[in-house]
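Text of the file query_18.pdb, holding PDB, C-alpha atoms:
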ATOM      1  CA  MET I   1     -19.273 -17.178   2.399  1.00  0.00           C
ATOM      2  CA  LEU I   2     -17.955 -14.998  -0.380  1.00  0.00           C
ATOM      3  CA  THR I   3     -14.303 -15.212  -1.285  1.00  0.00           C
ATOM      4  CA  LEU I   4     -13.193 -12.113  -3.130  1.00  0.00           C
ATOM      5  CA  PRO I   5      -9.753 -10.654  -3.752  1.00  0.00           C
ATOM      6  CA  ALA I   6      -8.801  -7.809  -1.424  1.00  0.00           C
ATOM      7  CA  SER I   7      -8.721  -5.441  -4.402  1.00  0.00           C
ATOM      8  CA  VAL I   8     -12.463  -5.873  -5.055  1.00  0.00           C
ATOM      9  CA  ARG I   9     -14.595  -3.274  -3.336  1.00  0.00           C
ATOM     10  CA  ILE I  10     -18.289  -3.713  -2.551  1.00  0.00           C
ATOM     11  CA  TYR I  11     -20.601  -0.717  -2.859  1.00  0.00           C
ATOM     12  CA  VAL I  12     -24.215  -0.768  -1.670  1.00  0.00           C
ATOM     13  CA  ALA I  13     -26.609   1.952  -2.836  1.00  0.00           C
ATOM     14  CA  ALA I  14     -28.222   3.515   0.234  1.00  0.00           C
ATOM     15  CA  GLU I  15     -31.380   4.453  -1.629  1.00  0.00           C
ATOM     16  CA  ALA I  16     -33.839   2.107  -3.265  1.00  0.00           C
ATOM     17  CA  VAL I  17     -33.511   1.374  -6.988  1.00  0.00           C
ATOM     18  CA  ASP I  18     -36.148   0.036  -9.370  1.00  0.00           C
ATOM     19  CA  LEU I  19     -35.027  -3.583  -9.691  1.00  0.00           C
ATOM     20  CA  ARG I  20     -36.923  -4.043 -12.942  1.00  0.00           C
ATOM     21  CA  ARG I  21     -33.758  -2.573 -14.436  1.00  0.00           C
ATOM     22  CA  GLY I  22     -31.441  -4.978 -16.180  1.00  0.00           C
ATOM     23  CA  PHE I  23     -27.729  -4.870 -16.883  1.00  0.00           C
ATOM     24  CA  ASP I  24     -27.639  -1.489 -18.620  1.00  0.00           C
ATOM     25  CA  GLY I  25     -30.100   0.163 -16.235  1.00  0.00           C
ATOM     26  CA  LEU I  26     -28.103  -0.922 -13.193  1.00  0.00           C
ATOM     27  CA  ALA I  27     -24.866   0.148 -14.884  1.00  0.00           C
ATOM     28  CA  ALA I  28     -26.438   3.593 -15.299  1.00  0.00           C
ATOM     29  CA  ALA I  29     -27.505   3.539 -11.627  1.00  0.00           C
ATOM     30  CA  THR I  30     -23.930   2.666 -10.709  1.00  0.00           C
ATOM     31  CA  ARG I  31     -22.730   5.808 -12.471  1.00  0.00           C
ATOM     32  CA  SER I  32     -25.468   8.108 -11.133  1.00  0.00           C
ATOM     33  CA  VAL I  33     -26.128   6.814  -7.595  1.00  0.00           C
ATOM     34  CA  ILE I  34     -22.820   5.270  -6.524  1.00  0.00           C
ATOM     35  CA  ARG I  35     -20.708   7.447  -8.845  1.00  0.00           C
ATOM     36  CA  GLU I  36     -18.324   4.656  -9.818  1.00  0.00           C
ATOM     37  CA  ASP I  37     -17.399   2.964 -13.077  1.00  0.00           C
ATOM     38  CA  PRO I  38     -19.464  -0.234 -13.508  1.00  0.00           C
ATOM     39  CA  LEU I  39     -16.638  -1.736 -15.612  1.00  0.00           C
ATOM     40  CA  SER I  40     -14.173  -1.552 -12.693  1.00  0.00           C
ATOM     41  CA  GLY I  41     -14.736  -5.140 -11.529  1.00  0.00           C
ATOM     42  CA  HIS I  42     -16.097  -4.049  -8.153  1.00  0.00           C
ATOM     43  CA  LEU I  43     -19.458  -5.313  -6.857  1.00  0.00           C
ATOM     44  CA  PHE I  44     -22.426  -2.939  -6.919  1.00  0.00           C
ATOM     45  CA  VAL I  45     -25.407  -3.865  -4.740  1.00  0.00           C
ATOM     46  CA  PHE I  46     -28.915  -2.456  -5.119  1.00  0.00           C
ATOM     47  CA  THR I  47     -32.109  -3.060  -3.112  1.00  0.00           C
ATOM     48  CA  ASN I  48     -35.743  -2.359  -3.885  1.00  0.00           C
ATOM     49  CA  ARG I  49     -38.021  -0.018  -1.914  1.00  0.00           C
ATOM     50  CA  ARG I  50     -39.364  -2.819   0.331  1.00  0.00           C
ATOM     51  CA  ARG I  51     -35.765  -4.074   0.840  1.00  0.00           C
ATOM     52  CA  ASN I  52     -36.760  -7.711   0.345  1.00  0.00           C
ATOM     53  CA  ARG I  53     -34.877  -8.033  -2.970  1.00  0.00           C
ATOM     54  CA  VAL I  54     -31.300  -7.345  -3.908  1.00  0.00           C
ATOM     55  CA  LYS I  55     -29.343  -7.309  -7.158  1.00  0.00           C
ATOM     56  CA  VAL I  56     -25.546  -7.410  -7.407  1.00  0.00           C
ATOM     57  CA  LEU I  57     -23.905  -6.171 -10.600  1.00  0.00           C
ATOM     58  CA  VAL I  58     -20.292  -6.959 -11.506  1.00  0.00           C
ATOM     59  CA  TRP I  59     -18.197  -6.772 -14.680  1.00  0.00           C
ATOM     60  CA  ASP I  60     -15.849  -9.749 -15.198  1.00  0.00           C
ATOM     61  CA  ARG I  61     -13.802  -8.678 -18.286  1.00  0.00           C
ATOM     62  CA  THR I  62     -16.130 -10.481 -20.713  1.00  0.00           C
ATOM     63  CA  GLY I  63     -19.508  -9.094 -19.686  1.00  0.00           C
ATOM     64  CA  TYR I  64     -21.829  -8.224 -16.848  1.00  0.00           C
ATOM     65  CA  LEU I  65     -22.863 -10.737 -14.208  1.00  0.00           C
ATOM     66  CA  LEU I  66     -26.106 -10.132 -12.316  1.00  0.00           C
ATOM     67  CA  LEU I  67     -27.007 -11.863  -9.062  1.00  0.00           C
ATOM     68  CA  TYR I  68     -30.613 -11.518  -7.869  1.00  0.00           C
ATOM     69  CA  LYS I  69     -31.963 -12.605  -4.491  1.00  0.00           C
ATOM     70  CA  ARG I  70     -35.418 -12.367  -2.916  1.00  0.00           C
ATOM     71  CA  LEU I  71     -36.053 -12.951   0.772  1.00  0.00           C
ATOM     72  CA  GLU I  72     -39.235 -14.894   1.448  1.00  0.00           C
ATOM     73  CA  ARG I  73     -39.545 -13.225   4.865  1.00  0.00           C
ATOM     74  CA  GLY I  74     -37.855 -10.219   6.367  1.00  0.00           C
ATOM     75  CA  THR I  75     -35.810  -7.455   4.810  1.00  0.00           C
ATOM     76  CA  PHE I  76     -32.232  -6.588   3.982  1.00  0.00           C
ATOM     77  CA  HIS I  77     -30.581  -4.037   6.266  1.00  0.00           C
ATOM     78  CA  LEU I  78     -27.522  -1.936   5.597  1.00  0.00           C
ATOM     79  CA  PRO I  79     -24.985  -2.588   8.358  1.00  0.00           C
ATOM     80  CA  LEU I  80     -23.733   1.013   8.130  1.00  0.00           C
ATOM     81  CA  GLN I  81     -25.303   4.383   7.516  1.00  0.00           C
ATOM     82  CA  PRO I  82     -23.878   6.354   4.600  1.00  0.00           C
ATOM     83  CA  GLU I  83     -21.590   9.255   5.422  1.00  0.00           C
ATOM     84  CA  GLU I  84     -22.969  12.770   5.120  1.00  0.00           C
ATOM     85  CA  GLY I  85     -23.502  13.573   1.450  1.00  0.00           C
ATOM     86  CA  SER I  86     -22.850  10.007   0.302  1.00  0.00           C
ATOM     87  CA  ARG I  87     -25.450   7.854  -1.430  1.00  0.00           C
ATOM     88  CA  HIS I  88     -23.742   4.511  -0.818  1.00  0.00           C
ATOM     89  CA  VAL I  89     -21.865   2.495   1.777  1.00  0.00           C
ATOM     90  CA  GLU I  90     -18.871   0.232   1.327  1.00  0.00           C
ATOM     91  CA  LEU I  91     -18.887  -3.274   2.805  1.00  0.00           C
ATOM     92  CA  ASP I  92     -16.410  -6.107   3.019  1.00  0.00           C
ATOM     93  CA  ALA I  93     -17.180  -9.586   1.692  1.00  0.00           C
ATOM     94  CA  ALA I  94     -18.161 -10.995   5.104  1.00  0.00           C
ATOM     95  CA  GLU I  95     -20.666  -8.194   5.695  1.00  0.00           C
ATOM     96  CA  LEU I  96     -22.175  -8.679   2.229  1.00  0.00           C
ATOM     97  CA  GLY I  97     -22.470 -12.429   2.823  1.00  0.00           C
ATOM     98  CA  LEU I  98     -24.330 -11.866   6.079  1.00  0.00           C
ATOM     99  CA  MET I  99     -26.512  -9.184   4.497  1.00  0.00           C
ATOM    100  CA  LEU I 100     -27.482 -11.614   1.719  1.00  0.00           C
ATOM    101  CA  GLU I 101     -28.427 -14.155   4.375  1.00  0.00           C
ATOM    102  CA  GLY I 102     -30.798 -11.569   5.854  1.00  0.00           C
ATOM    103  CA  VAL I 103     -28.756 -10.933   9.004  1.00  0.00           C
ATOM    104  CA  ASP I 104     -29.194  -7.451  10.480  1.00  0.00           C
ATOM    105  CA  LEU I 105     -25.699  -6.219  11.387  1.00  0.00           C
ATOM    106  CA  ARG I 106     -26.695  -2.754  12.597  1.00  0.00           C
ATOM    107  CA  GLY I 107     -26.364  -3.682  16.275  1.00  0.00           C
ATOM    108  CA  ALA I 108     -23.367  -5.961  15.836  1.00  0.00           C
ATOM    109  CA  GLY I 109     -20.027  -4.799  17.125  1.00  0.00           C
ATOM    110  CA  ARG I 110     -16.688  -5.514  15.524  1.00  0.00           C
ATOM    111  CA  ARG I 111     -13.633  -6.049  17.652  1.00  0.00           C
ATOM    112  CA  LYS I 112     -10.926  -3.542  16.910  1.00  0.00           C
ATOM    113  CA  ARG I 113      -8.325  -4.844  14.516  1.00  0.00           C
ATOM    114  CA  TRP I 114      -5.968  -2.999  12.249  1.00  0.00           C
ATOM    115  CA  ARG I 115      -6.337  -3.450   8.567  1.00  0.00           C
ATOM    116  CA  ARG I 116      -5.592  -1.351   5.535  1.00  0.00           C
ATOM    117  CA  LEU I 117      -8.446  -1.138   3.067  1.00  0.00           C
ATOM    118  CA  PRO I 118      -7.436  -1.525  -0.589  1.00  0.00           C
ATOM    119  CA  HIS I 119      -8.334   2.066  -1.442  1.00  0.00           C
ATOM    120  CA  GLU I 120      -6.243   3.377   1.490  1.00  0.00           C
ATOM    121  CA  ALA I 121      -3.150   1.627   0.143  1.00  0.00           C
ATOM    122  CA  HIS I 122      -3.870   3.047  -3.307  1.00  0.00           C
ATOM    123  CA  ASP I 123      -4.402   6.556  -1.902  1.00  0.00           C
ATOM    124  CA  ALA I 124      -1.091   6.309  -0.026  1.00  0.00           C
ATOM    125  CA  GLY I 125       0.712   5.424  -3.259  1.00  0.00           C
ATOM    126  CA  ILE I 126       1.467   1.846  -2.192  1.00  0.00           C
ATOM    127  CA  THR I 127       0.868  -0.539  -5.075  1.00  0.00           C
ATOM    128  CA  SER I 128       2.529  -3.774  -3.952  1.00  0.00           C
ATOM    129  CA  PRO I 129       3.524  -5.678  -0.804  1.00  0.00           C
ATOM    130  CA  ALA I 130       7.117  -4.674  -1.549  1.00  0.00           C
ATOM    131  CA  GLY I 131       6.013  -1.039  -1.337  1.00  0.00           C
ATOM    132  CA  VAL I 132       4.464  -1.687   2.062  1.00  0.00           C
ATOM    133  CA  LEU I 133       7.699  -3.292   3.259  1.00  0.00           C
ATOM    134  CA  ALA I 134       9.777  -0.426   1.871  1.00  0.00           C
ATOM    135  CA  ARG I 135       7.593   2.124   3.656  1.00  0.00           C
ATOM    136  CA  SER I 136       7.918   0.307   6.963  1.00  0.00           C
ATOM    137  CA  LEU I 137      11.741   0.259   6.824  1.00  0.00           C
TER
END
Could I get this file's structure written as structure tokens?
Amino acid sequence: MLTLPASVRIYVAAEAVDLRRGFDGLAAATRSVIREDPLSGHLFVFTNRRRNRVKVLVWDRTGYLLLYKRLERGTFHLPLQPEEGSRHVELDAAELGLMLEGVDLRGAGRRKRWRRLPHEAHDAGITSPAGVLARSL
């Protein structure tokens, strides 16, 4: 189970990336494929063409961290399809944890619950819990 702050977003590239790339190559892929800043502190996930290997790139204020996993059997599956025109999907920590375990979440259903994603709060101009409370009053 991954425990990440709610402010950390997880982006998964929908297309395969050459995983022979190292830190700088994946940082460049983050800019070109996912179109995000690799120094943001968010997690950027890449798979190879056969989808049996995955690399996760993250910046932690002092340098890049690279996590690399290979499945001995089976493949990684994206739980969501990218939106039209998008080259990545966004996951939450639980979905990434299950994906790294090799669980196929494409057929899994999620019970409806309300939650505000971190980027929705930012887009609405809410920056703190006090701002949420002030908006609800």
Residues returned when the PyMOL selection byres ((chain I and resi 44-58) around 8) runs on this file, as a VMD selection string: chain I and resid 10 to 13 15 to 19 23 26 to 27 30 38 to 39 41 to 43 59 to 60 64 to 77
Which residue of I:Leu100, I:Ser40, I:Gly85, I:Leu80 approaches I:Ser7 most closely, using all atoms listed in the file: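 Smallest separation from I:Ser7 among the options: I:Ser40.
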Nearby residues (only C-alpha atoms) at most 8 Å from stretch 91-95 of chain I, same-chain spacing under 5 positions excluded, as a ChimeraX atom specification: /I:1-4,9-12,79,105
Record the distance separating atom CA of I:Val8 and atom CA of I:Gly102, expressed in Å with one decimal. 22.1 Å
To one decimal place, how far is atom CA of I:Gly63 from atom CA of I:Asp24 in Å? 11.2 Å
Could you check how far atom CA of I:Gly107 sits from atom CA of I:Val33, in Å to one decimal?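 Going from atom CA of I:Gly107 over to atom CA of I:Val33, I get 26.1 Å.
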Once you count all atoms listed in the file, which residues end up no further than 10 Å from (-21.1, 7.1, -1.2) in the file's frame, shown as number ranges by chain? I: 11-14, 33-36, 82-90
